[in-house]
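K.L.:
Got a file for you: query.cif, mmCIF, C-alpha atoms.
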```
data_target
#
loop_
_atom_site.label_atom_id
_atom_site.label_comp_id
_atom_site.auth_asym_id
_atom_site.auth_seq_id
_atom_site.Cartn_x
_atom_site.Cartn_y
_atom_site.Cartn_z
CA MET Q 1 126.00 215.22 173.73
CA THR Q 2 125.51 213.52 170.35
CA GLU Q 3 125.66 215.42 167.07
CA PRO Q 4 121.88 215.00 166.39
CA ALA Q 5 121.16 216.41 169.85
CA LYS Q 6 123.47 219.37 169.24
CA ASP Q 7 121.81 219.98 165.88
CA GLY Q 8 118.40 219.86 167.55
CA ASP Q 9 119.48 222.35 170.20
CA ALA Q 10 120.88 224.69 167.56
CA ARG Q 11 117.68 224.54 165.51
CA HIS Q 12 115.61 225.22 168.62
CA ALA Q 13 117.80 228.21 169.60
CA SER Q 14 117.57 229.62 166.07
CA LYS Q 15 113.78 229.16 166.02
CA MET Q 16 113.37 230.86 169.40
CA ALA Q 17 115.67 233.73 168.36
CA LYS Q 18 113.49 234.38 165.30
CA LYS Q 19 110.35 234.19 167.44
CA LYS Q 20 111.83 236.65 169.95
CA MET Q 21 112.77 239.04 167.16
CA ALA Q 22 109.22 238.93 165.77
CA ARG Q 23 107.74 239.35 169.24
CA ASP Q 24 110.02 242.30 170.04
CA LYS Q 25 108.97 243.94 166.78
CA ILE Q 26 105.30 243.60 167.72
CA MET Q 27 105.89 244.90 171.26
CA ALA Q 28 107.73 247.94 169.91
CA THR Q 29 104.45 249.08 168.31
CA LYS Q 30 102.57 249.01 171.63
CA GLU Q 31 102.74 252.12 173.74
CA GLY Q 32 100.73 254.00 176.32
CA ASN Q 33 98.33 252.85 179.02
CA LYS Q 34 94.55 252.74 179.11
CA GLY Q 35 91.83 251.85 181.56
CA LEU Q 36 90.17 248.78 180.06
CA ILE Q 37 86.57 247.61 179.89
CA ILE Q 38 86.83 243.87 180.47
CA VAL Q 39 83.99 241.37 180.01
CA ASN Q 40 84.10 237.78 181.28
CA THR Q 41 81.12 235.86 179.95
CA GLY Q 42 80.04 232.43 178.68
CA SER Q 43 78.42 229.34 180.15
CA GLY Q 44 81.63 227.90 181.56
CA LYS Q 45 82.98 228.26 185.09
CA GLY Q 46 85.67 230.81 185.86
CA LYS Q 47 84.23 234.21 185.03
CA SER Q 48 84.22 235.60 188.56
CA SER Q 49 87.27 233.57 189.54
CA ALA Q 50 89.34 235.19 186.77
CA ALA Q 51 88.02 238.63 187.70
CA PHE Q 52 88.95 238.18 191.36
CA GLY Q 53 92.40 237.08 190.19
CA MET Q 54 92.80 240.55 188.66
CA ILE Q 55 91.57 242.15 191.89
CA MET Q 56 94.25 240.19 193.76
CA ARG Q 57 96.86 241.49 191.33
CA CYS Q 58 95.73 245.06 191.98
CA ILE Q 59 95.97 244.50 195.72
CA ALA Q 60 99.47 243.03 195.30
CA HIS Q 61 100.51 246.17 193.39
CA ASP Q 62 99.00 248.46 196.06
CA MET Q 63 96.37 249.66 193.60
CA GLN Q 64 93.12 250.88 195.14
CA CYS Q 65 90.21 248.80 193.82
CA ALA Q 66 86.60 247.90 194.56
CA VAL Q 67 84.08 245.09 194.12
CA VAL Q 68 80.30 245.29 193.75
CA GLN Q 69 78.44 241.99 193.74
CA PHE Q 70 75.07 242.18 192.00
CA ILE Q 71 73.80 238.66 192.78
CA LYS Q 72 75.87 236.82 195.40
CA GLY Q 73 75.45 239.22 198.29
CA ALA Q 74 73.48 236.74 200.39
CA TRP Q 75 76.26 234.16 200.17
CA SER Q 76 79.41 233.80 202.24
CA THR Q 77 82.34 233.46 199.83
CA GLY Q 78 86.06 232.98 200.32
CA GLU Q 79 86.99 236.02 198.24
CA ARG Q 80 84.68 238.28 200.23
CA THR Q 81 86.00 237.01 203.56
CA LEU Q 82 89.62 237.40 202.42
CA ILE Q 83 89.21 240.94 201.12
CA GLU Q 84 87.07 242.21 204.00
CA THR Q 85 89.35 240.77 206.68
CA LYS Q 86 92.80 241.23 205.12
CA PHE Q 87 92.60 244.08 202.61
CA PRO Q 88 89.74 246.43 203.53
CA GLU Q 89 91.98 249.49 203.35
CA ILE Q 90 92.83 248.94 199.67
CA CYS Q 91 89.77 247.12 198.31
CA SER Q 92 86.20 248.19 199.06
CA PHE Q 93 83.75 245.28 198.91
CA TYR Q 94 80.00 245.74 198.49
CA ALA Q 95 77.90 242.57 198.43
CA MET Q 96 74.55 244.04 197.41
CA GLY Q 97 72.67 241.17 195.81
CA GLU Q 98 70.23 238.84 197.54
CA GLY Q 99 70.72 235.72 195.47
CA PHE Q 100 69.33 234.63 192.14
CA THR Q 101 65.88 235.73 191.05
CA TRP Q 102 64.40 232.26 191.64
CA GLU Q 103 65.50 232.53 195.27
CA THR Q 104 63.97 235.92 196.06
CA GLN Q 105 60.92 235.39 193.82
CA ASP Q 106 60.28 239.12 194.07
CA LYS Q 107 61.07 241.10 190.91
CA ALA Q 108 60.55 244.52 192.49
CA ARG Q 109 62.96 243.61 195.27
CA ASP Q 110 65.52 242.33 192.74
CA ILE Q 111 65.25 245.53 190.71
CA ALA Q 112 65.71 247.66 193.82
CA ALA Q 113 68.80 245.68 194.87
CA ALA Q 114 70.32 245.86 191.38
CA SER Q 115 69.62 249.59 191.11
CA ALA Q 116 71.28 250.24 194.46
CA ALA Q 117 74.29 248.16 193.38
CA TRP Q 118 74.56 250.08 190.09
CA ASN Q 119 74.39 253.44 191.88
CA LYS Q 120 77.20 252.32 194.18
CA ALA Q 121 79.18 251.06 191.18
CA LYS Q 122 78.90 254.43 189.43
CA ASP Q 123 80.23 256.23 192.52
CA LEU Q 124 83.17 253.81 192.74
CA ILE Q 125 84.01 254.09 189.04
CA ARG Q 126 83.87 257.89 189.14
CA ASP Q 127 86.40 257.87 191.98
CA GLU Q 128 89.72 257.97 190.14
CA ASN Q 129 91.50 256.58 193.20
CA ASN Q 130 89.99 253.21 192.26
CA LYS Q 131 92.19 251.72 189.57
CA MET Q 132 89.90 248.73 189.03
CA VAL Q 133 86.21 248.17 189.79
CA LEU Q 134 84.73 244.68 189.49
CA LEU Q 135 81.00 244.45 188.77
CA ASP Q 136 80.46 240.81 189.60
CA GLU Q 137 77.47 239.12 187.90
CA ILE Q 138 76.18 242.42 186.51
CA ASN Q 139 75.41 240.64 183.22
CA ILE Q 140 72.69 238.65 184.98
CA ALA Q 141 71.06 241.85 186.25
CA LEU Q 142 71.25 243.27 182.73
CA ARG Q 143 69.81 240.12 181.18
CA TYR Q 144 66.73 240.31 183.42
CA ASP Q 145 66.37 244.07 182.78
CA TYR Q 146 66.86 244.93 186.44
CA ILE Q 147 69.04 247.79 185.22
CA SER Q 148 69.26 249.36 181.77
CA THR Q 149 71.95 248.02 179.46
CA ASP Q 150 71.86 251.26 177.49
CA GLU Q 151 72.50 253.24 180.67
CA VAL Q 152 75.45 251.04 181.66
CA VAL Q 153 77.01 251.28 178.18
CA GLU Q 154 76.51 255.04 178.01
CA PHE Q 155 78.03 255.51 181.47
CA LEU Q 156 81.09 253.43 180.67
CA VAL Q 157 81.65 255.25 177.38
CA SER Q 158 81.09 258.77 178.68
CA GLU Q 159 81.98 258.79 182.39
CA LYS Q 160 84.54 256.07 183.11
CA PRO Q 161 87.86 257.77 183.93
CA PRO Q 162 90.47 257.09 181.23
CA MET Q 163 92.78 255.08 183.51
CA THR Q 164 90.18 253.05 185.40
CA HIS Q 165 89.69 249.36 184.59
CA VAL Q 166 86.11 248.06 184.86
CA VAL Q 167 85.47 244.32 184.87
CA LEU Q 168 81.97 242.96 184.18
CA THR Q 169 81.15 239.30 184.72
CA GLY Q 170 78.24 236.95 184.11
CA ARG Q 171 76.95 234.80 181.29
CA ASN Q 172 75.00 236.19 178.32
CA ALA Q 173 76.83 239.51 178.05
CA HIS Q 174 74.81 241.93 175.93
CA ASP Q 175 76.09 242.58 172.40
CA SER Q 176 76.33 246.33 173.01
CA LEU Q 177 78.52 245.70 176.06
CA VAL Q 178 80.77 243.37 174.09
CA GLU Q 179 81.05 246.00 171.37
CA ILE Q 180 82.47 248.70 173.66
CA ALA Q 181 84.73 246.34 175.61
CA ASP Q 182 88.50 246.25 175.14
CA LEU Q 183 88.87 242.66 176.32
CA VAL Q 184 86.19 239.97 176.10
CA THR Q 185 86.66 236.38 177.22
CA GLU Q 186 84.04 233.68 176.76
CA MET Q 187 84.32 230.74 179.14
CA THR Q 188 83.25 227.56 177.32
CA LEU Q 189 81.61 224.73 179.26
CA ILE Q 190 83.01 221.31 178.43
CA LYS Q 191 82.36 219.41 181.68
CA HIS Q 192 80.92 220.46 185.03
CA PRO Q 193 80.62 218.33 188.20
CA PHE Q 194 77.12 219.69 188.91
CA ARG Q 195 75.84 217.66 185.96
CA SER Q 196 77.19 214.55 187.69
CA GLY Q 197 75.31 215.31 190.89
CA ILE Q 198 78.16 217.02 192.73
CA LYS Q 199 77.32 220.21 194.58
CA GLY Q 200 79.49 223.33 194.67
CA GLN Q 201 82.73 222.76 196.54
CA VAL Q 202 84.32 225.08 199.09
CA GLY Q 203 87.43 226.66 197.59
CA VAL Q 204 86.30 225.89 194.05
CA GLU Q 205 82.86 227.50 193.77
CA PHE Q 206 82.90 229.90 196.71
#
```
Starting from the file, lay out its structure as structure tokens.
P.N.:
Amino acid sequence: MTEPAKDGDARHASKMAKKKMARDKIMATKEGNKGLIIVNTGSGKGKSSAAFGMIMRCIAHDMQCAVVQFIKGAWSTGERTLIETKFPEICSFYAMGEGFTWETQDKARDIAAASAAWNKAKDLIRDENNKMVLLDEINIALRYDYISTDEVVEFLVSEKPPMTHVVLTGRNAHDSLVEIADLVTEMTLIKHPFRSGIKGQVGVEF
């Protein structure tokens, strides 16, 4: 190895050692565990996909968890098939939506479906055996006032068990929901194949 290469390696090692020291100092200030309120929102793809990734992690760690789908209940999706066929004993799955509002074209029916999904969600969150509860596309139901945002926020603040994670997905997350959340991620749309005339692909979209 040439001298310049050795010098470069030494500088890199020194830089990484300093970075590790700073990182270790930061980590030493973090302690304790907490059940998080997690919001995945934004116009970009990946909100539900990221949330189901966390559900898969819970399953891998033998953590009881649950999913309530507020919109996609009428659809057959890969994640639903996988969980219902392979992991029903550790992850409860409730697909309670009937599709988007422009598909049902019946506001009263949409409100009834969303209300039923929210009631189920509250029962699942109250059950401390569930370490994570995913409320998939609930932000859409909130945006259309199918369920009360104030009620959802109040419930999460006052009734969510301290060690339970709750994940809420869907674009246009309400400001009051963002305010109480511990972790908020906004997916930004840069390109999407739908705009080029390509329909949703199996394994990518569902």
K.L.:
One decimal, Å: what's the distance from CA of Glu186 in chain Q over to CA of Ala50 in chain Q, could you say?
P.N.:
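One can read the CA of Glu186 in chain Q to CA of Ala50 in chain Q distance as 11.4 Å.
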K.L.:
To one decimal place in Å, what is the distance between CA of Ile37 in chain Q and CA of Ile138 in chain Q?
P.N.:
13.4 Å
K.L.:
Counting only C-alpha atoms, figure out which residue out of Q:Asp145, Q:Asp182, Q:Asp136, Q:Glu205 gets nearest to Ser48 in chain Q.
P.N.:
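Of Q:Asp145, Q:Asp182, Q:Asp136, Q:Glu205, the one nearest Ser48 in chain Q, counting only C-alpha atoms, is Q:Asp136.
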K.L.:
Please report the interatomic distance between CA of Glu79 in chain Q and CA of Ala121 in chain Q in Å with one decimal.
P.N.:
18.4 Å
K.L.:
Evaluate the PyMOL selection byres ((chain Q and resi 66) around 9) here and jot the selected residues down as an NGL selection string.
P.N.:
:Q and (55 or 64-65 or 67-68 or 90-94 or 121 or 124-125 or 130-135)
K.L.:
Those residues with C-alpha atoms, as a PDB file, keeping the file's coordinate frame please?
P.N.:
```pdb
ATOM      1  CA  ILE Q  55      91.570 242.150 191.890  1.00  0.00           C
ATOM      2  CA  GLN Q  64      93.120 250.880 195.140  1.00  0.00           C
ATOM      3  CA  CYS Q  65      90.210 248.800 193.820  1.00  0.00           C
ATOM      4  CA  VAL Q  67      84.080 245.090 194.120  1.00  0.00           C
ATOM      5  CA  VAL Q  68      80.300 245.290 193.750  1.00  0.00           C
ATOM      6  CA  ILE Q  90      92.830 248.940 199.670  1.00  0.00           C
ATOM      7  CA  CYS Q  91      89.770 247.120 198.310  1.00  0.00           C
ATOM      8  CA  SER Q  92      86.200 248.190 199.060  1.00  0.00           C
ATOM      9  CA  PHE Q  93      83.750 245.280 198.910  1.00  0.00           C
ATOM     10  CA  TYR Q  94      80.000 245.740 198.490  1.00  0.00           C
ATOM     11  CA  ALA Q 121      79.180 251.060 191.180  1.00  0.00           C
ATOM     12  CA  LEU Q 124      83.170 253.810 192.740  1.00  0.00           C
ATOM     13  CA  ILE Q 125      84.010 254.090 189.040  1.00  0.00           C
ATOM     14  CA  ASN Q 130      89.990 253.210 192.260  1.00  0.00           C
ATOM     15  CA  LYS Q 131      92.190 251.720 189.570  1.00  0.00           C
ATOM     16  CA  MET Q 132      89.900 248.730 189.030  1.00  0.00           C
ATOM     17  CA  VAL Q 133      86.210 248.170 189.790  1.00  0.00           C
ATOM     18  CA  LEU Q 134      84.730 244.680 189.490  1.00  0.00           C
ATOM     19  CA  LEU Q 135      81.000 244.450 188.770  1.00  0.00           C
TER      20      LEU Q 135
END
```
K.L.:
Please write the residues picked by the PyMOL selection byres ((chain Q and resi 187-202) around 12) on this file as a PyMOL selection string.
P.N.:
chain Q and resi 39-50+76-79+169-173+184-186+203-206
K.L.:
Could you check which of Q:Thr164, Q:Asn129, Q:Ser115, Q:Ser158 is closest to Tyr146 in chain Q, using all atoms listed in the file?
P.N.:
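Nearest candidate to Tyr146 in chain Q out of Q:Thr164, Q:Asn129, Q:Ser115, Q:Ser158: Q:Ser115.
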K.L.:
From the set Q:Glu179, Q:Asp110, Q:Glu89, Q:Glu84, which residue has the shortest atom-to-atom contact distance to Met63 in chain Q, counting all atoms listed in the file?
P.N.:
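Closest candidate: Q:Glu89.
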K.L.:
Which of these residues is nearest to Met163 in chain Q, using all atoms listed in the file: Q:Arg11, Q:Arg126, Q:Arg143, Q:Lys18?
P.N.:
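Checking each of Q:Arg11, Q:Arg126, Q:Arg143, Q:Lys18 against Met163 in chain Q, counting all atoms listed in the file, the winner is Q:Arg126.
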K.L.:
What would the file be for range 193-206 of chain Q if you keep C-alpha atoms and write it as a PDB file, in the first residue's frame?
P.N.:
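Written file, selection-v3.pdb:
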```pdb
ATOM      1  CA  PRO Q 193     -45.571   5.538 -13.086  1.00  0.00           C
ATOM      2  CA  PHE Q 194     -49.328   6.214 -12.952  1.00  0.00           C
ATOM      3  CA  ARG Q 195     -48.661   9.615 -14.524  1.00  0.00           C
ATOM      4  CA  SER Q 196     -47.037   7.804 -17.447  1.00  0.00           C
ATOM      5  CA  GLY Q 197     -50.088   5.620 -17.996  1.00  0.00           C
ATOM      6  CA  ILE Q 198     -48.875   2.601 -16.037  1.00  0.00           C
ATOM      7  CA  LYS Q 199     -51.382   0.957 -13.730  1.00  0.00           C
ATOM      8  CA  GLY Q 200     -50.629  -0.341 -10.235  1.00  0.00           C
ATOM      9  CA  GLN Q 201     -48.292  -3.327 -10.298  1.00  0.00           C
ATOM     10  CA  VAL Q 202     -48.642  -6.520  -8.278  1.00  0.00           C
ATOM     11  CA  GLY Q 203     -45.968  -6.616  -5.593  1.00  0.00           C
ATOM     12  CA  VAL Q 204     -45.399  -2.873  -5.809  1.00  0.00           C
ATOM     13  CA  GLU Q 205     -48.832  -1.351  -5.195  1.00  0.00           C
ATOM     14  CA  PHE Q 206     -50.693  -4.255  -3.629  1.00  0.00           C
TER      15      PHE Q 206
END
```
